[in-house]
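Peer 1: This is the structure I want to talk about, given as structure tokens.
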Amino acid sequence: MNGAVLVLGGSVIFLVAYFVYGHYLEKLFGTDDTRLTPAHTRKDGVDFVPTSPAVLFGHHFASIAGAGPIVGPILAAYFGWGAVALWVLVGCIFLGAMHDFAALFLSVRDEGRSIGHVIERELGYTGRQIFLLFAWAALVLVDAIFALLVAKTFVATPSVATASLLFIGMAPLFGWLVYKKGLSIRMGSLIFVPLLFFFVWLGSVMPLDLTAHLGWSVETARRFWLIILFAYVFVASTIPVWLLLQPRDYLNSYLLYAMMLIGFVGILFARPVLGMPAFEGWVVERPAGGMGSIFPLLFVTVACGAISGFHSLVASGTTSKQLSREKHIRVVGYGSMLVEGVLALMALTAVAVLSRGDYVAALQTQGPVATFANGLAGFAAQVGLPVSVGKTFIALAISAFMLTTLDTATRLTRFTWQELFLPDAKHGGREADQKPWARLCSNRYVATGVAIGCAGYMAMSGNAMQIWPVFGASNQLLAALTLLVVTLVLVRQHANFWVSLLPMLFMMLVCVWALVSLVISNLKAEEINWTLVVTSAFLLVMAFVLLVRAAVAALGSAKPSHQAG
């Protein structure tokens with residue numbers, strides 16, 4: 001099999017899906033371009049800001065992409081490139097992109113509130129609170145883990161630290177000129193995008209190597225960067241979205257576009273032969289040792305490369321507040337996930353050209369991100385880009401997007417915490433109806449401080465990495481719960497609910513299977529990881545409670561369909 005055929009063929013399939021299935025979803029949900037979106041009706045200049053679709057696509061894509069669609073397919077490649085590619089294609093089109101589209105649509109129609117508020121309407125106040133607590137805990141974990149990953153990257157590759165700080169400093173100037181001084185997006189891009197790439201070069205020339213310049217240990221440097229990162233995300237979470245978060249994500253998206261273009265063209269010219277088998281078997285030896293079953297491990301390992309619950313939080317947390325028109329839902333929601341699918345196929349190709357032995361060795365010595373950078377740089381060398389330059393640029397691009405995931409997740413954690421203190425619908429359900437103590441707790445500075453305090457504790461102590469194995473399953477479970485709500489909405493509207501019901505049932509089965517397996521394997525271990533066991537058990541109980549409430553709600557919704565009128 002030729003890698004160029006895989007990537008190019010997959011891209012064509014995604015393009016067809018965008019126009020065919022994406023159009024069907026528009027008709028199913030009933031997008032209406034004449035309706036005013038929350039960005040206009042609740043415009044406040046802080047969170048609710050009408051945004052150009054080009055800028056919003058960059059912000060949304062940068063927020064959801066990160067390292068997920070790269071790491072997941074690479075880690076799952078031991079099952080065979082064919083199995084992974086099939087799941088990426090089917091998962092993105094019918095599960096992931098549909099999930100993102102639906103979450104964005106429901107949030108836009110619900111005044112830009114998170115998917116948790118929709119859950120209250122469908123499953124009651126208790127269902128909402130359970131979902132929000134789970135989402136908040138998952139987001140705190142994202143904050144902690146990505147802060148650790150970025151801090152470690154800054155220490156290991158100081159040029160990334162320089163470039164990242166320069167990016168952060170440049171973004172407010174771009175936002176101020178565009179939103180306050182009337183600079184067009186096109187002119188601003190012509191000025192600032194070349195400056196972005198100049199900063200990439202400057203970072204390689206002037207690396208902020210704290211261990212060399214100040215004589216600090218690696219651990220001291222890592223802790224210093226953690227403090228700087230958490231201070232940065234505190235500011236990014238509380239200031240207007242147009243001033244830092246949105247322009248930084250938009251400009252950073254060009255790094256990812258450039259990386260994808262370099263890799264895409266490189267693969268087409270290199271036409272690499274895939275050395276790994278297309279299918280290794282139903283039960284396969286894992287790179288880290290032991291045996292792994294394709295059900296459910298393939299699906300929770302690929303994770304963001306096919307479907308991600310985190311995307312529903314981004315779509316309903318920040319993106320819905322900036323969407324200018326409903327016709328942009330397909331472009332931003334459905335389209336972004338399909339582009340992420342192309343990136344997942346490129347990541348898969350980067351390792352599928354290796355033999356199984358080389359693949360295992362690369363994961364053990366370099367890790368998935370470095371393996372991806374080496375593979376893509378090798379393809380790009382076919383079009384004249386030096387391998388060393390390609391590796392450095394690709395590593396910088398990935399690191400920039402881990403930082404993007406970090407600041408977006410922090411803002412989402414703040415939104416989720418604030419919604420926890422909103423009264424139920426019977427008592428108004430709005431900020432104006434809050435009691436004084438709830439208003440204090442949901443203050444944006446308090447909400448951000450609580451999130452950063454918890455994430456900072458976990459990052460500094462290292463406990464965050466202990467529950468990393470459960471993160472993939474929890475992320476997919478979050479997607480299944482979102483699809484559960486989408487199904488209830490479609491049932492109430494007497495619409496075609498099968499488009500969300502079947503994906504929901506499949507993801508729920510896979511996630512519960514994975515979590516039960518995780519609990520059993522940990523209980524059998526010589527040293528039981530109680531953090532993993534308790535976390536997994538909590539997720540299972542939460543899923544069961546919401547499923548029961550959803551079944552009751554669905555049965556109640558079905559009764560009126562037999563009545564006249």
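Chain labels A, B, ... are given in the sequence in which chains occur in the structure tokens; within each chain residues are numbered consecutively from 1, and ligands are likewise numbered from 1 in the order shown.
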When DSSP is applied to the backbone of this structure, which of region 259-437 of chain A are assigned helix (DSSP H, G or I)? Write them out as a count of residues only.

Peer 2: 129

Peer 1: Please report as JSON lines every residue of region 99-218 of chain A lying within 12 Å of region 491-512 of chain A, along with the nearest atom pair and their distance in Å (one decimal), using only C-alpha atoms.

Peer 2:
```
{"residue": "A:His99", "atom": "CA", "partner": "A:Ser500", "partner_atom": "CA", "distance": 7.8}
{"residue": "A:Asp100", "atom": "CA", "partner": "A:Ser500", "partner_atom": "CA", "distance": 11.5}
{"residue": "A:Phe101", "atom": "CA", "partner": "A:Ser500", "partner_atom": "CA", "distance": 11.3}
{"residue": "A:Ala102", "atom": "CA", "partner": "A:Ser500", "partner_atom": "CA", "distance": 9.2}
{"residue": "A:Ala103", "atom": "CA", "partner": "A:Ser500", "partner_atom": "CA", "distance": 11.4}
{"residue": "A:Arg121", "atom": "CA", "partner": "A:Arg492", "partner_atom": "CA", "distance": 11.3}
{"residue": "A:Glu122", "atom": "CA", "partner": "A:Arg492", "partner_atom": "CA", "distance": 9.3}
```

Peer 1: Take the residues from that selection and write them out as a short mmCIF file (atom, residue, chain, number, x, y, z; two decimals), in the first residue's frame, keeping N, CA, C and O atoms.

Peer 2:
```cif
data_model
loop_
_atom_site.label_atom_id
_atom_site.label_comp_id
_atom_site.auth_asym_id
_atom_site.auth_seq_id
_atom_site.Cartn_x
_atom_site.Cartn_y
_atom_site.Cartn_z
N HIS A 99 -20.75 14.75 16.00
CA HIS A 99 -20.77 15.10 17.41
C HIS A 99 -20.43 16.58 17.60
O HIS A 99 -21.10 17.32 18.33
N ASP A 100 -19.39 17.05 16.91
CA ASP A 100 -18.96 18.45 17.03
C ASP A 100 -20.02 19.39 16.45
O ASP A 100 -20.30 20.45 17.02
N PHE A 101 -20.58 19.03 15.30
CA PHE A 101 -21.63 19.82 14.66
C PHE A 101 -22.82 19.96 15.61
O PHE A 101 -23.33 21.07 15.83
N ALA A 102 -23.26 18.84 16.16
CA ALA A 102 -24.45 18.84 17.02
C ALA A 102 -24.22 19.65 18.29
O ALA A 102 -25.09 20.41 18.73
N ALA A 103 -23.04 19.49 18.92
CA ALA A 103 -22.74 20.21 20.15
C ALA A 103 -22.73 21.72 19.89
O ALA A 103 -23.26 22.50 20.70
N ARG A 121 -32.21 20.52 30.60
CA ARG A 121 -33.53 20.50 29.97
C ARG A 121 -33.99 19.09 29.67
O ARG A 121 -35.18 18.78 29.74
N GLU A 122 -33.02 18.21 29.36
CA GLU A 122 -33.36 16.85 28.98
C GLU A 122 -33.35 15.88 30.16
O GLU A 122 -34.16 14.95 30.21
#
```

Peer 1: What's around Trp282 (chain A) at 7 Å? Count only C-alpha atoms, leave out sequence neighbours fewer than 2 positions away in its own chain, and write the answer as a PyMOL selection string.

Peer 2: chain A and resi 284+293-294

Peer 1: Can you list every residue of region 272-344 of chain A that has an atom at most 12 Å from region 416-423 of chain A, with its nearest atom pair and the distance in Å to one decimal, using only C-alpha atoms, ordered by chain then number, as a Markdown table?

Peer 2:
```
| residue | atom | partner | partner_atom | distance |
| --- | --- | --- | --- | --- |
| A:Leu313 | CA | A:Thr416 | CA | 8.8 |
| A:Val314 | CA | A:Thr416 | CA | 11.0 |
| A:Ser316 | CA | A:Thr416 | CA | 10.5 |
| A:Gly317 | CA | A:Thr416 | CA | 8.1 |
| A:Thr318 | CA | A:Thr416 | CA | 11.1 |
```

Peer 1: Which residues, written as number ranges by chain, have at least one atom at most 10 Å from Asn374 (chain A), with only C-alpha atoms counted and residues fewer than 6 positions away on the same chain left out?

Peer 2: A: 350-351, 362, 366, 368, 380, 387-388, 390-392, 394-395

Peer 1: Can you tell me, as a PDB file with N, CA, C and O atoms, in the first residue's frame, what residues are no more than 12 Å from Lys180 (chain A) when counting only C-alpha atoms, ignoring any on the same chain fewer than 6 positions away?

Peer 2:
```pdb
ATOM      1  N   GLY A  45     -18.250  41.770  24.430  1.00  0.00           N
ATOM      2  CA  GLY A  45     -16.870  42.184  24.210  1.00  0.00           C
ATOM      3  C   GLY A  45     -15.848  41.380  24.990  1.00  0.00           C
ATOM      4  O   GLY A  45     -14.643  41.635  24.886  1.00  0.00           O
ATOM      5  N   PRO A 172      -1.868  39.984  21.367  1.00  0.00           N
ATOM      6  CA  PRO A 172      -2.701  41.133  21.751  1.00  0.00           C
ATOM      7  C   PRO A 172      -2.611  42.305  20.771  1.00  0.00           C
ATOM      8  O   PRO A 172      -3.607  43.013  20.559  1.00  0.00           O
ATOM      9  N   LEU A 173      -1.437  42.512  20.181  1.00  0.00           N
ATOM     10  CA  LEU A 173      -1.291  43.591  19.197  1.00  0.00           C
ATOM     11  C   LEU A 173      -2.158  43.313  17.970  1.00  0.00           C
ATOM     12  O   LEU A 173      -2.835  44.213  17.454  1.00  0.00           O
ATOM     13  N   PHE A 174      -2.163  42.062  17.519  1.00  0.00           N
ATOM     14  CA  PHE A 174      -3.001  41.672  16.386  1.00  0.00           C
ATOM     15  C   PHE A 174      -4.476  41.880  16.723  1.00  0.00           C
ATOM     16  O   PHE A 174      -5.240  42.461  15.933  1.00  0.00           O
ATOM     17  N   TRP A 242     -11.075  38.328  22.481  1.00  0.00           N
ATOM     18  CA  TRP A 242     -10.508  38.887  21.260  1.00  0.00           C
ATOM     19  C   TRP A 242      -9.106  39.443  21.462  1.00  0.00           C
ATOM     20  O   TRP A 242      -8.380  39.692  20.496  1.00  0.00           O
ATOM     21  N   LEU A 243      -8.710  39.637  22.733  1.00  0.00           N
ATOM     22  CA  LEU A 243      -7.434  40.290  23.002  1.00  0.00           C
ATOM     23  C   LEU A 243      -6.244  39.337  22.997  1.00  0.00           C
ATOM     24  O   LEU A 243      -5.136  39.735  22.631  1.00  0.00           O
TER      25      LEU A 243
END
```

Peer 1: Taking only C-alpha atoms into account, which of A:Leu245, A:Ala551, A:Ile70, A:Ala221 comes nearest Gly169 (chain A)?

Peer 2: A:Leu245

Peer 1: Skip region 515-523 of chain A itself and residues of its chain fewer than 3 positions away, then list as a list in words all residues within 8 Å of it, counting only C-alpha atoms.

Peer 2: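 Final neighbour list, sorted by chain and number: Val470, Ala473, Cys511, Val512, Glu527, Ile528, Asn529, Leu532, Val533, Ser536, Ala537 and Leu540 of chain A.
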
Peer 1: Measuring between only C-alpha atoms, which one of A:Leu141, A:Ala4, A:Leu396, A:Ala77 shows the shortest distance to Leu354 (chain A)?

Peer 2: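 Once distances to Leu354 (chain A) are computed over only C-alpha atoms, the minimum belongs to A:Ala77.
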